[in-house]
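Everything below belongs to final-v1.txt, which stores compact mmCIF, C-alpha atoms and all ligand atoms.
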# COMPACT_ATOMS: atom_id res chain seq x y z
CA MET S 1 35.99 -4.95 -21.32
CA ASN S 2 34.61 -1.46 -20.82
CA VAL S 3 31.05 -0.28 -20.98
CA ILE S 4 30.65 1.63 -24.25
CA GLU S 5 28.58 4.83 -24.33
CA VAL S 6 26.17 4.63 -27.27
CA THR S 7 24.12 7.26 -29.06
CA LYS S 8 21.51 7.21 -31.79
CA ALA S 9 24.38 7.53 -34.29
CA ASN S 10 26.18 4.31 -33.33
CA PHE S 11 23.31 2.31 -31.82
CA GLU S 12 22.79 0.24 -34.95
CA ALA S 13 26.47 -0.62 -35.36
CA GLU S 14 27.23 -1.24 -31.68
CA VAL S 15 23.98 -2.89 -30.59
CA LEU S 16 21.74 -4.09 -33.41
CA LYS S 17 24.59 -5.44 -35.57
CA SER S 18 26.67 -6.83 -32.70
CA ASP S 19 27.84 -10.46 -33.00
CA LYS S 20 27.61 -10.92 -29.26
CA PRO S 21 24.48 -10.43 -27.17
CA VAL S 22 24.27 -6.88 -25.84
CA ILE S 23 23.01 -5.51 -22.55
CA ALA S 24 22.02 -1.88 -22.93
CA ASP S 25 21.83 0.03 -19.65
CA PHE S 26 19.44 2.99 -20.03
CA ASN S 27 20.30 5.47 -17.27
CA ALA S 28 20.74 9.11 -16.25
CA ASP S 29 23.06 11.04 -13.92
CA TRP S 30 20.22 12.24 -11.65
CA CYS S 31 18.86 8.74 -11.06
CA GLY S 32 19.98 7.23 -7.72
CA PRO S 33 19.23 3.58 -8.52
CA CYS S 34 21.17 4.02 -11.81
CA GLN S 35 24.25 5.12 -9.86
CA MET S 36 23.83 2.00 -7.69
CA LEU S 37 23.61 -0.25 -10.72
CA LYS S 38 26.56 1.26 -12.58
CA PRO S 39 29.38 -0.45 -10.61
CA VAL S 40 27.53 -3.78 -10.93
CA ILE S 41 27.39 -3.40 -14.71
CA GLU S 42 31.06 -2.39 -14.83
CA GLU S 43 31.98 -5.46 -12.78
CA LEU S 44 30.00 -7.72 -15.11
CA ALA S 45 31.52 -6.08 -18.18
CA ALA S 46 34.98 -6.91 -16.80
CA GLU S 47 34.02 -10.54 -16.14
CA ARG S 48 31.92 -11.44 -19.15
CA THR S 49 33.72 -11.23 -22.46
CA ASP S 50 30.89 -13.14 -24.17
CA VAL S 51 28.49 -10.22 -23.71
CA LYS S 52 28.80 -6.58 -24.74
CA PHE S 53 27.70 -3.94 -22.25
CA VAL S 54 26.63 -0.49 -23.43
CA SER S 55 25.25 2.55 -21.65
CA VAL S 56 22.54 4.87 -22.99
CA ASN S 57 22.09 8.26 -21.33
CA VAL S 58 18.36 8.91 -21.64
CA ASP S 59 18.70 12.68 -21.18
CA GLU S 60 20.86 12.92 -24.28
CA GLN S 61 19.28 9.99 -26.15
CA ASN S 62 15.58 10.50 -25.50
CA GLU S 63 14.72 9.25 -28.99
CA LEU S 64 16.30 5.88 -28.22
CA ALA S 65 14.46 5.73 -24.90
CA TYR S 66 11.19 6.46 -26.67
CA GLU S 67 11.87 4.00 -29.49
CA TYR S 68 12.44 1.18 -26.99
CA ASN S 69 9.52 2.17 -24.74
CA VAL S 70 11.70 2.99 -21.77
CA SER S 71 9.76 5.01 -19.19
CA SER S 72 11.57 4.06 -15.97
CA ILE S 73 15.26 3.82 -15.29
CA PRO S 74 17.51 2.03 -14.69
CA CYS S 75 16.33 -0.25 -17.49
CA LEU S 76 18.45 -3.06 -18.88
CA ILE S 77 17.48 -4.37 -22.32
CA VAL S 78 19.05 -7.51 -23.75
CA PHE S 79 19.53 -7.53 -27.52
CA ARG S 80 20.25 -10.70 -29.45
CA GLY S 81 20.66 -10.53 -33.21
CA GLY S 82 19.28 -6.99 -33.23
CA LYS S 83 16.10 -7.93 -31.38
CA GLU S 84 15.00 -7.32 -27.84
CA ALA S 85 15.31 -10.60 -25.94
CA GLY S 86 14.48 -9.50 -22.42
CA ARG S 87 14.51 -6.57 -20.05
CA SER S 88 14.69 -5.68 -16.41
CA VAL S 89 13.53 -2.46 -14.78
CA GLY S 90 14.88 -1.04 -11.52
CA MET S 91 17.81 -1.90 -9.32
CA LYS S 92 18.68 -5.60 -9.45
CA PRO S 93 21.43 -7.59 -7.72
CA LYS S 94 24.23 -9.03 -9.88
CA SER S 95 22.81 -12.56 -9.68
CA GLU S 96 19.54 -11.40 -11.32
CA ILE S 97 21.36 -9.64 -14.13
CA VAL S 98 23.39 -12.76 -14.83
CA LYS S 99 20.08 -14.63 -15.24
CA LEU S 100 19.06 -12.12 -17.94
CA ILE S 101 22.05 -13.24 -20.00
CA MET A 1 28.01 -18.17 13.72
CA TYR A 2 27.45 -14.42 13.71
CA ASP A 3 26.39 -12.47 16.74
CA ILE A 4 23.78 -10.47 14.83
CA ILE A 5 22.19 -10.87 11.41
CA ILE A 6 20.41 -7.83 10.05
CA ILE A 7 17.89 -8.34 7.25
CA GLY A 8 17.69 -5.28 4.97
CA ALA A 9 20.40 -2.71 4.19
CA GLY A 10 18.17 0.36 4.30
CA PRO A 11 18.80 3.25 6.70
CA ALA A 12 17.43 1.24 9.67
CA GLY A 13 19.48 -1.90 9.01
CA MET A 14 22.71 -0.06 8.24
CA THR A 15 22.38 2.11 11.37
CA ALA A 16 21.83 -1.06 13.42
CA ALA A 17 25.03 -2.44 11.84
CA ILE A 18 26.98 0.66 12.92
CA TYR A 19 25.79 0.37 16.53
CA ALA A 20 26.33 -3.39 16.70
CA ARG A 21 29.88 -3.14 15.30
CA ARG A 22 30.74 -0.36 17.72
CA ALA A 23 29.67 -2.77 20.48
CA SER A 24 32.18 -5.26 18.96
CA LYS A 25 29.57 -7.76 17.77
CA SER A 26 30.07 -9.66 14.51
CA VAL A 27 27.47 -8.48 11.99
CA LEU A 28 26.10 -9.87 8.74
CA VAL A 29 23.74 -7.66 6.73
CA LEU A 30 21.58 -9.45 4.15
CA GLU A 31 20.16 -7.34 1.33
CA ALA A 32 17.91 -8.43 -1.54
CA LEU A 33 18.63 -5.55 -3.97
CA SER A 34 21.23 -2.89 -3.19
CA TYR A 35 22.20 -1.06 -0.04
CA GLY A 36 20.25 2.10 0.70
CA GLY A 37 16.61 1.04 0.56
CA GLN A 38 13.84 3.35 -0.63
CA ILE A 39 15.77 6.53 -0.11
CA ILE A 40 18.02 6.04 -3.15
CA ASN A 41 15.03 7.14 -5.26
CA THR A 42 14.97 10.70 -4.03
CA PRO A 43 17.22 13.40 -5.51
CA ASP A 44 17.11 15.64 -2.45
CA ILE A 45 16.66 15.04 1.28
CA GLU A 46 16.00 18.25 3.22
CA ASN A 47 14.92 17.08 6.67
CA TYR A 48 17.77 15.02 8.04
CA PRO A 49 19.57 16.80 10.90
CA ALA A 50 22.94 18.28 9.90
CA ALA A 51 22.35 17.68 6.17
CA ALA A 52 20.30 20.54 4.70
CA HIS A 53 20.58 19.02 1.21
CA ILE A 54 21.82 15.57 0.29
CA SER A 55 20.77 13.16 -2.45
CA GLY A 56 19.37 9.79 -1.43
CA PHE A 57 22.19 8.03 -3.27
CA GLU A 58 24.85 10.03 -1.44
CA PHE A 59 23.12 9.52 1.92
CA ALA A 60 22.89 5.76 1.35
CA THR A 61 26.50 5.50 0.19
CA LYS A 62 27.79 7.40 3.24
CA VAL A 63 25.91 5.18 5.67
CA TYR A 64 27.07 2.07 3.80
CA GLU A 65 30.71 3.16 3.83
CA GLN A 66 30.48 3.95 7.54
CA ALA A 67 29.03 0.51 8.37
CA ALA A 68 31.45 -1.34 6.07
CA ALA A 69 34.48 0.53 7.47
CA LEU A 70 33.45 -0.57 10.96
CA GLY A 71 33.55 -4.17 9.75
CA ALA A 72 29.93 -5.06 8.99
CA GLU A 73 29.76 -7.80 6.35
CA PHE A 74 27.24 -7.32 3.51
CA VAL A 75 25.86 -10.20 1.46
CA PHE A 76 23.42 -9.61 -1.40
CA GLU A 77 20.85 -12.36 -0.90
CA LYS A 78 17.17 -12.21 -0.08
CA ALA A 79 16.13 -13.61 3.29
CA VAL A 80 13.17 -15.95 2.98
CA ASP A 81 12.81 -17.49 6.44
CA ILE A 82 13.97 -17.30 10.05
CA ILE A 83 14.19 -20.44 12.16
CA ASP A 84 14.19 -19.79 15.88
CA GLY A 85 16.34 -22.26 17.79
CA GLY A 86 16.43 -20.12 20.92
CA SER A 87 20.06 -19.07 21.48
CA GLU A 88 20.92 -20.14 17.91
CA LYS A 89 18.80 -18.75 15.11
CA THR A 90 19.04 -19.50 11.41
CA VAL A 91 18.30 -17.07 8.61
CA VAL A 92 17.56 -18.80 5.32
CA THR A 93 18.21 -16.90 2.08
CA THR A 94 17.51 -17.76 -1.52
CA ASP A 95 21.05 -19.21 -1.79
CA ASN A 96 22.33 -20.09 1.71
CA SER A 97 21.58 -20.20 5.38
CA TYR A 98 23.41 -18.43 8.19
CA THR A 99 23.31 -18.85 11.95
CA CYS A 100 23.41 -16.17 14.62
CA LYS A 101 22.42 -15.31 18.16
CA ALA A 102 20.08 -12.39 17.37
CA VAL A 103 18.21 -11.11 14.31
CA ILE A 104 17.11 -7.59 13.39
CA ILE A 105 14.40 -7.39 10.72
CA ALA A 106 14.72 -4.09 8.81
CA THR A 107 13.00 -4.93 5.54
CA GLY A 108 11.12 -1.63 5.15
CA SER A 109 8.30 -1.29 2.67
CA ARG A 110 7.59 -1.17 -1.03
CA ASN A 111 5.06 0.55 -3.27
CA ARG A 112 1.59 -0.92 -3.27
CA ARG A 113 0.52 -2.26 -6.65
CA LEU A 114 -2.96 -1.82 -8.09
CA GLY A 115 -3.16 -5.56 -8.59
CA LEU A 116 -4.18 -5.49 -12.27
CA PRO A 117 -3.26 -8.48 -14.47
CA ASN A 118 -0.75 -6.84 -16.86
CA GLU A 119 0.59 -4.31 -14.33
CA ASP A 120 3.97 -6.00 -13.77
CA GLU A 121 4.84 -6.23 -17.45
CA LEU A 122 3.99 -2.54 -17.98
CA ILE A 123 6.29 -1.26 -15.24
CA GLY A 124 8.80 0.90 -17.04
CA ARG A 125 6.61 0.87 -20.16
CA GLY A 126 4.25 3.57 -18.97
CA VAL A 127 3.42 2.39 -15.46
CA SER A 128 5.44 3.97 -12.65
CA TYR A 129 5.37 4.30 -8.87
CA CYS A 130 7.63 7.34 -8.59
CA ALA A 131 6.79 10.67 -10.24
CA THR A 132 10.08 12.38 -9.39
CA CYS A 133 12.02 9.39 -10.81
CA ASP A 134 10.16 8.90 -14.09
CA GLY A 135 8.26 12.15 -14.72
CA ALA A 136 10.88 13.36 -17.18
CA PHE A 137 9.88 10.65 -19.67
CA PHE A 138 6.46 12.28 -20.03
CA ARG A 139 7.38 15.82 -21.01
CA GLY A 140 4.56 17.19 -23.17
CA LYS A 141 2.56 13.96 -22.90
CA THR A 142 -0.61 12.84 -21.13
CA VAL A 143 -0.37 11.15 -17.75
CA ALA A 144 -2.73 9.91 -15.06
CA VAL A 145 -2.10 9.62 -11.34
CA VAL A 146 -4.12 7.23 -9.22
CA GLY A 147 -4.49 7.77 -5.48
CA GLY A 148 -5.94 10.21 -2.98
CA GLY A 149 -3.26 10.87 -0.38
CA ASN A 150 -0.61 13.55 -0.19
CA THR A 151 1.80 11.60 -2.37
CA ALA A 152 -0.79 11.40 -5.18
CA LEU A 153 -1.57 15.12 -4.91
CA GLU A 154 2.09 16.11 -4.88
CA ASP A 155 2.86 13.76 -7.77
CA ALA A 156 0.02 15.26 -9.82
CA LEU A 157 1.21 18.79 -9.10
CA TYR A 158 4.80 17.88 -9.96
CA LEU A 159 3.69 16.30 -13.24
CA CYS A 160 1.69 19.43 -14.17
CA ASP A 161 5.03 21.15 -14.75
CA LEU A 162 6.08 18.50 -17.28
CA ALA A 163 3.10 16.87 -18.92
CA ALA A 164 0.55 18.49 -21.26
CA LYS A 165 -2.37 16.90 -19.39
CA VAL A 166 -2.63 15.32 -15.94
CA TYR A 167 -5.60 13.26 -14.74
CA LEU A 168 -5.92 12.49 -11.05
CA ILE A 169 -8.13 9.52 -10.28
CA HIS A 170 -9.42 9.31 -6.74
CA ARG A 171 -11.84 6.76 -5.34
CA ARG A 172 -13.57 9.19 -2.94
CA ASP A 173 -15.45 12.45 -3.50
CA ALA A 174 -13.01 14.63 -1.56
CA PHE A 175 -9.35 14.72 -0.55
CA ARG A 176 -8.21 14.32 3.01
CA GLY A 177 -4.74 15.53 2.17
CA ASP A 178 -3.09 18.89 2.56
CA GLU A 179 -5.59 21.67 1.66
CA LYS A 180 -2.90 23.84 0.05
CA THR A 181 -1.83 21.13 -2.38
CA VAL A 182 -5.46 20.40 -3.28
CA SER A 183 -6.17 24.03 -4.17
CA ALA A 184 -2.85 24.41 -5.99
CA LEU A 185 -3.78 21.43 -8.13
CA LYS A 186 -7.32 22.66 -8.78
CA ALA A 187 -5.86 25.95 -10.03
CA ARG A 188 -3.85 24.16 -12.74
CA GLU A 189 -5.43 24.20 -16.19
CA THR A 190 -3.70 21.01 -17.22
CA ALA A 191 -5.08 19.05 -14.24
CA GLU A 192 -8.40 17.20 -14.29
CA ILE A 193 -9.64 15.43 -11.18
CA ILE A 194 -11.87 12.39 -11.60
CA TYR A 195 -13.66 11.58 -8.34
CA ASN A 196 -15.38 8.43 -7.10
CA SER A 197 -13.49 6.27 -9.58
CA THR A 198 -10.92 3.51 -9.72
CA VAL A 199 -8.60 2.23 -12.44
CA THR A 200 -9.93 -1.16 -13.49
CA ALA A 201 -7.84 -2.05 -16.55
CA LEU A 202 -4.58 -1.12 -18.26
CA LEU A 203 -4.69 -0.87 -22.05
CA ALA A 204 -1.47 -1.50 -23.88
CA ASP A 205 0.23 -2.11 -27.17
CA LYS A 206 3.90 -2.75 -26.31
CA ARG A 207 3.53 0.16 -23.90
CA LEU A 208 0.66 1.69 -21.95
CA THR A 209 -1.82 3.43 -24.23
CA GLY A 210 -4.73 4.05 -21.89
CA ILE A 211 -6.64 3.11 -18.78
CA GLU A 212 -10.17 2.00 -18.08
CA VAL A 213 -11.77 3.92 -15.25
CA THR A 214 -14.89 2.74 -13.45
CA ASP A 215 -16.98 5.10 -11.29
CA LYS A 216 -18.93 4.16 -8.19
CA ASP A 217 -22.16 3.67 -10.15
CA GLY A 218 -20.46 1.20 -12.48
CA GLY A 219 -20.00 3.61 -15.38
CA VAL A 220 -16.90 2.74 -17.41
CA ARG A 221 -14.82 5.13 -19.51
CA THR A 222 -11.53 4.86 -21.31
CA ILE A 223 -8.85 7.51 -20.97
CA GLU A 224 -5.98 7.64 -23.41
CA THR A 225 -2.74 8.19 -21.54
CA ASP A 226 1.00 7.66 -22.02
CA GLY A 227 1.76 7.21 -18.37
CA LEU A 228 0.13 6.02 -15.17
CA PHE A 229 1.62 6.96 -11.81
CA VAL A 230 0.40 4.70 -9.05
CA ALA A 231 0.38 6.41 -5.64
CA VAL A 232 -1.81 4.21 -3.50
CA GLY A 233 0.48 3.84 -0.51
CA ARG A 234 3.18 1.49 0.62
CA VAL A 235 3.10 -2.03 1.99
CA PRO A 236 5.49 -3.72 4.41
CA GLU A 237 7.75 -6.59 3.27
CA ASN A 238 7.16 -8.93 6.20
CA ALA A 239 4.94 -11.65 4.75
CA GLY A 240 7.86 -14.11 4.63
CA PHE A 241 8.34 -13.94 8.41
CA ALA A 242 4.66 -14.08 9.42
CA LYS A 243 4.86 -17.70 10.62
CA LEU A 244 7.19 -16.70 13.42
CA ILE A 245 6.71 -12.99 13.95
CA LYS A 246 3.49 -11.32 15.04
CA LEU A 247 2.26 -8.69 12.56
CA ASP A 248 -0.55 -6.15 12.89
CA GLU A 249 -3.62 -6.12 10.58
CA ALA A 250 -1.77 -4.04 7.98
CA GLY A 251 1.19 -6.44 7.92
CA TYR A 252 3.62 -4.33 9.96
CA ILE A 253 5.63 -6.05 12.68
CA ALA A 254 3.82 -5.65 15.99
CA ALA A 255 6.67 -4.09 17.95
CA GLY A 256 6.74 -0.86 19.95
CA GLU A 257 9.39 1.86 20.20
CA ASP A 258 11.56 -0.70 22.04
CA CYS A 259 11.67 -2.71 18.75
CA LEU A 260 10.92 -5.99 20.60
CA THR A 261 8.96 -8.62 18.67
CA ASN A 262 7.07 -11.57 20.15
CA VAL A 263 10.26 -13.70 19.83
CA PRO A 264 13.16 -13.09 22.25
CA GLY A 265 16.31 -12.21 20.31
CA ILE A 266 14.44 -11.03 17.21
CA TYR A 267 13.94 -7.28 16.75
CA ALA A 268 12.14 -5.04 14.25
CA ALA A 269 13.54 -1.74 12.97
CA GLY A 270 12.44 0.91 10.49
CA ASP A 271 9.45 1.36 8.19
CA GLY A 272 8.39 -2.29 8.53
CA ARG A 273 7.51 -1.81 12.18
CA ALA A 274 4.11 -0.55 13.38
CA LYS A 275 4.68 3.18 13.95
CA ASN A 276 3.35 6.63 13.13
CA VAL A 277 6.26 8.41 11.48
CA ARG A 278 8.10 6.61 8.67
CA GLN A 279 11.17 8.71 7.94
CA LEU A 280 14.96 8.39 7.80
CA VAL A 281 15.45 9.80 11.24
CA THR A 282 12.99 7.36 12.84
CA ALA A 283 14.48 4.47 10.83
CA ALA A 284 17.95 5.40 12.11
CA ALA A 285 16.59 5.68 15.66
CA ASP A 286 15.15 2.17 15.42
CA GLY A 287 18.51 0.95 14.17
CA ALA A 288 20.17 2.17 17.35
CA VAL A 289 17.41 0.90 19.67
CA SER A 290 17.24 -2.56 18.09
CA ALA A 291 21.02 -3.00 18.04
CA GLU A 292 21.32 -2.04 21.71
CA ALA A 293 18.55 -4.52 22.56
CA ALA A 294 20.26 -7.29 20.56
CA VAL A 295 23.62 -6.61 22.23
CA ARG A 296 21.98 -6.78 25.68
CA TYR A 297 20.19 -10.02 24.75
CA ILE A 298 23.44 -11.64 23.63
CA SER A 299 25.27 -10.60 26.80
CA GLU A 300 22.61 -12.32 28.88
CA LEU A 301 22.62 -15.61 26.94
C1 LIG Z 401 10.67 8.81 -3.05
C2 LIG Z 401 10.89 8.82 -1.55
C3 LIG Z 401 11.35 9.97 -0.93
C4 LIG Z 401 11.58 10.00 0.45
N1 LIG Z 401 12.07 11.16 1.00
C5 LIG Z 401 12.35 11.20 2.33
C6 LIG Z 401 12.93 12.38 2.93
O1 LIG Z 401 13.18 13.39 2.25
N2 LIG Z 401 13.19 12.36 4.26
C7 LIG Z 401 12.95 11.26 5.05
O2 LIG Z 401 13.25 11.30 6.25
N3 LIG Z 401 12.40 10.13 4.52
C8 LIG Z 401 12.09 10.07 3.19
N4 LIG Z 401 11.53 8.93 2.65
C9 LIG Z 401 11.22 7.80 3.55
C10 LIG Z 401 12.48 6.96 3.88
O3 LIG Z 401 13.09 6.60 2.65
C11 LIG Z 401 12.12 5.72 4.68
O4 LIG Z 401 11.46 6.09 5.87
C12 LIG Z 401 13.35 4.90 5.04
O5 LIG Z 401 14.06 4.53 3.88
C13 LIG Z 401 13.00 3.64 5.82
O6 LIG Z 401 14.16 2.89 6.04
P1 LIG Z 401 14.13 1.34 6.32
O7 LIG Z 401 15.56 0.93 6.50
O8 LIG Z 401 13.18 1.03 7.41
O9 LIG Z 401 13.47 0.65 5.03
P2 LIG Z 401 13.84 0.68 3.46
O10 LIG Z 401 14.47 1.95 3.09
O11 LIG Z 401 12.57 0.27 2.79
O12 LIG Z 401 14.93 -0.48 3.30
C14 LIG Z 401 14.61 -1.83 3.43
C15 LIG Z 401 15.63 -2.67 2.71
O13 LIG Z 401 15.39 -4.06 2.97
C16 LIG Z 401 15.53 -4.79 1.78
N5 LIG Z 401 14.74 -6.02 1.92
C17 LIG Z 401 13.37 -6.15 1.92
N6 LIG Z 401 13.03 -7.44 2.09
C18 LIG Z 401 14.20 -8.14 2.20
C19 LIG Z 401 14.49 -9.53 2.39
N7 LIG Z 401 13.52 -10.45 2.52
N8 LIG Z 401 15.80 -9.91 2.43
C20 LIG Z 401 16.80 -8.98 2.29
N9 LIG Z 401 16.57 -7.67 2.11
C21 LIG Z 401 15.29 -7.25 2.07
C22 LIG Z 401 15.03 -3.86 0.70
O14 LIG Z 401 15.55 -4.22 -0.56
C23 LIG Z 401 15.57 -2.51 1.19
O15 LIG Z 401 16.88 -2.26 0.69
C24 LIG Z 401 11.30 8.86 1.27
C25 LIG Z 401 10.83 7.70 0.65
C26 LIG Z 401 10.61 7.65 -0.74
C27 LIG Z 401 10.10 6.39 -1.37
Encoding of this model in structure tokens:
Amino acid sequence: MNVIEVTKANFEAEVLKSDKPVIADFNADWCGPCQMLKPVIEELAAERTDVKFVSVNVDEQNELAYEYNVSSIPCLIVFRGGKEAGRSVGMKPKSEIVKLI
Amino acid sequence: MYDIIIIGAGPAGMTAAIYARRASKSVLVLEALSYGGQIINTPDIENYPAAAHISGFEFATKVYEQAAALGAEFVFEKAVDIIDGGSEKTVVTTDNSYTCKAVIIATGSRNRRLGLPNEDELIGRGVSYCATCDGAFFRGKTVAVVGGGNTALEDALYLCDLAAKVYLIHRRDAFRGDEKTVSALKARETAEIIYNSTVTALLADKRLTGIEVTDKDGGVRTIETDGLFVAVGRVPENAGFAKLIKLDEAGYIAAGEDCLTNVPGIYAAGDGRAKNVRQLVTAAADGAVSAEAAVRYISEL
């Protein structure tokens, strides 16, 4: 499955109301570690159909970043049943991200 | 068994991999996070020969592709121990162990933490170690920088262009850093320098809300702030190898420009080695020197 780009407009529907757990990847184009993490997230999204992966561009969605207290990227936040259930800041290897799920 | 295992896929380790592969040695590179090392954090490198401007991500990716195309194998596992069996050495990772004839330690360095109790949980929730990476989240807000070196001064100056208010907290009464940066900062209306003080507590409610600052006479004050940028230097990542490898007082591997450690067949390259200039070009140089030394060692086994 692909990584869906989310905005403030569809965040509730795609993330908070999702049946599956969601991993939201807060990132930006200028952020080197985010570019490193991106292929890892895409690989996981292809492998794990039990989890939904979404991407939030913090430059365009600064309200979402503020709402979820994101002040460093890359930042992965796990949502279960509309609630934050874990997060990880900075570049992480695939094995660590799997542990988040 | 591999000929050479390289620990760390930063600029030093990946350059060592290029040299070792070109000498036809089998090479395994172990990396805890992602290839590239520290440099992936910077948007623009301006001092690497033949590249007037290149982003850290692009630099790292080019070196990685070069090493991988030459046949270096990369495995993403953290090395936790080295066992020296003379001509056969074992590198233990969090998941496996691998044997080889020679080892190059290129584990670099990481940002020094303040060491406050809730610091780890506030990383990315107001606490940061990189102003150019995270400054944009504090546009129009209040931030504090802690530290007294050039990095702290430059971070404070950089943040003055974004934040509404910038505190700089320094434990001494004067700066030893670059005079020009000091006066540039003093000229900024948004900057306020607090001397003779240290950050002694982080106040938080889901995210950082303020810091407690203690001066040298024991006076305590609270400063409300949205962000805290910690710029108190870097520390090497060698503690795991200290049983076997001789370190200096600061924790850097005690090896000279020849990259030789106290153990034959084990070499040190890059920022983690005792040296004066910690830059890409010196990390790459160490990569070449250490790989040549490892190749020579193997040929004499
Ligand atoms: C923000 C910033 C900007 C910079 N700008 C410049 C610049 O413009 N020009 C310049 O020349 N230099 C610059 N530098 C310095 C430069 O990045 C370093 O000198 C260089 O990266 C050192 O390379 P290294 O390979 O020795 O170590 P590192 O880059 O630190 O790489 C070490 C690698 O080893 C890995 N590692 C650590 N422990 C283990 C373990 N136990 N097992 C497996 N892997 C491990 C780490 O994850 C890391 O990937 C900058 C540094 C920073 C932080």
Find the nearest atom pair between each residue of chain A and ligand LIG 401 (chain Z) for residues within 7 Å, count all atoms listed in the file, give distances in Å to one decimal, sort rows by chain and ascending number, and present the table as a Markdown table.
| residue | atom | partner | partner_atom | distance |
| --- | --- | --- | --- | --- |
| A:Ile7 | CA | Z:LIG401 | C20 | 5.1 |
| A:Gly8 | CA | Z:LIG401 | O13 | 3.3 |
| A:Ala9 | CA | Z:LIG401 | O15 | 5.0 |
| A:Gly10 | CA | Z:LIG401 | O7 | 3.5 |
| A:Pro11 | CA | Z:LIG401 | O7 | 4.0 |
| A:Ala12 | CA | Z:LIG401 | O7 | 3.7 |
| A:Gly13 | CA | Z:LIG401 | O7 | 5.4 |
| A:Leu30 | CA | Z:LIG401 | C20 | 5.2 |
| A:Glu31 | CA | Z:LIG401 | N9 | 3.7 |
| A:Ala32 | CA | Z:LIG401 | N9 | 4.0 |
| A:Leu33 | CA | Z:LIG401 | O14 | 4.8 |
| A:Ser34 | CA | Z:LIG401 | O15 | 5.9 |
| A:Tyr35 | CA | Z:LIG401 | O15 | 5.5 |
| A:Gly36 | CA | Z:LIG401 | O15 | 5.5 |
| A:Gly37 | CA | Z:LIG401 | O15 | 3.3 |
| A:Gln38 | CA | Z:LIG401 | O10 | 4.0 |
| A:Ile39 | CA | Z:LIG401 | O3 | 3.8 |
| A:Asn41 | CA | Z:LIG401 | C1 | 5.2 |
| A:Thr42 | CA | Z:LIG401 | C1 | 4.8 |
| A:Asp44 | CA | Z:LIG401 | O1 | 6.5 |
| A:Ile45 | CA | Z:LIG401 | O1 | 4.0 |
| A:Glu46 | CA | Z:LIG401 | O1 | 5.7 |
| A:Asn47 | CA | Z:LIG401 | N2 | 5.6 |
| A:Tyr48 | CA | Z:LIG401 | O2 | 6.1 |
| A:Glu77 | CA | Z:LIG401 | C20 | 6.2 |
| A:Lys78 | CA | Z:LIG401 | N8 | 3.7 |
| A:Ala79 | CA | Z:LIG401 | N8 | 3.8 |
| A:Val80 | CA | Z:LIG401 | N7 | 5.5 |
| A:Ala106 | CA | Z:LIG401 | O8 | 5.5 |
| A:Thr107 | CA | Z:LIG401 | O13 | 3.6 |
| A:Gly108 | CA | Z:LIG401 | O9 | 3.3 |
| A:Ser109 | CA | Z:LIG401 | O11 | 4.5 |
| A:Arg110 | CA | Z:LIG401 | O11 | 6.4 |
| A:Cys130 | CA | Z:LIG401 | C1 | 6.5 |
| A:Glu237 | CA | Z:LIG401 | N6 | 5.5 |
| A:Ala269 | CA | Z:LIG401 | O8 | 6.2 |
| A:Gly270 | CA | Z:LIG401 | O8 | 3.2 |
| A:Asp271 | CA | Z:LIG401 | O8 | 3.8 |
| A:Gly272 | CA | Z:LIG401 | O8 | 5.9 |
| A:Arg278 | CA | Z:LIG401 | O4 | 4.4 |
| A:Gln279 | CA | Z:LIG401 | O4 | 3.4 |
| A:Leu280 | CA | Z:LIG401 | O2 | 3.7 |
| A:Val281 | CA | Z:LIG401 | O2 | 5.7 |
| A:Ala283 | CA | Z:LIG401 | O8 | 5.0 |
Practice problem: Name the residues in contact with Ile4 in chain S at a cut-off of 8 Å, using all atoms listed in the file, excluding same-chain residues fewer than 4 positions from it; report them as a PyMOL selection string. | Solution: chain S and resi 53-55
Would you list which chain S residues are within 7 Å of chain A using all atoms listed in the file, as a PDB file with C-alpha atoms, keeping the file's coordinate frame?
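Now in selection_38.pdb:
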ATOM      1  CA  TRP S  30      20.220  12.240 -11.650  1.00  0.00           C
ATOM      2  CA  CYS S  31      18.860   8.740 -11.060  1.00  0.00           C
ATOM      3  CA  GLY S  32      19.980   7.230  -7.720  1.00  0.00           C
ATOM      4  CA  PRO S  33      19.230   3.580  -8.520  1.00  0.00           C
ATOM      5  CA  ASN S  69       9.520   2.170 -24.740  1.00  0.00           C
ATOM      6  CA  VAL S  70      11.700   2.990 -21.770  1.00  0.00           C
ATOM      7  CA  SER S  71       9.760   5.010 -19.190  1.00  0.00           C
ATOM      8  CA  SER S  72      11.570   4.060 -15.970  1.00  0.00           C
ATOM      9  CA  VAL S  89      13.530  -2.460 -14.780  1.00  0.00           C
ATOM     10  CA  MET S  91      17.810  -1.900  -9.320  1.00  0.00           C
ATOM     11  CA  LYS S  92      18.680  -5.600  -9.450  1.00  0.00           C
ATOM     12  CA  PRO S  93      21.430  -7.590  -7.720  1.00  0.00           C
TER      13      PRO S  93
END
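Reported to one decimal place, the separation of CA of Thr209 in chain A from CA of Tyr66 in chain S is 13.6 Å.
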Self-check item: Polymer residues at most 7 Å from Val58 in chain S, all atoms listed in the file, same-chain spacing of 3 or more positions, as a ChimeraX atom specification
Solution: /S:26-28,61-62,65
Practice problem: Identify which of the residues S:Phe11, S:Lys94, S:Cys34, S:Val51 lies closest to Cys75 in chain S, counting all atoms listed in the file when measuring atom-to-atom distances. | Solution: S:Cys34
Quiz item: In Å, with one decimal, what is the gap from CA of Glu60 in chain S to CA of Ala9 in chain S?
Solution: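 Atom-to-atom, CA of Glu60 in chain S and CA of Ala9 in chain S are spaced 11.9 Å apart.
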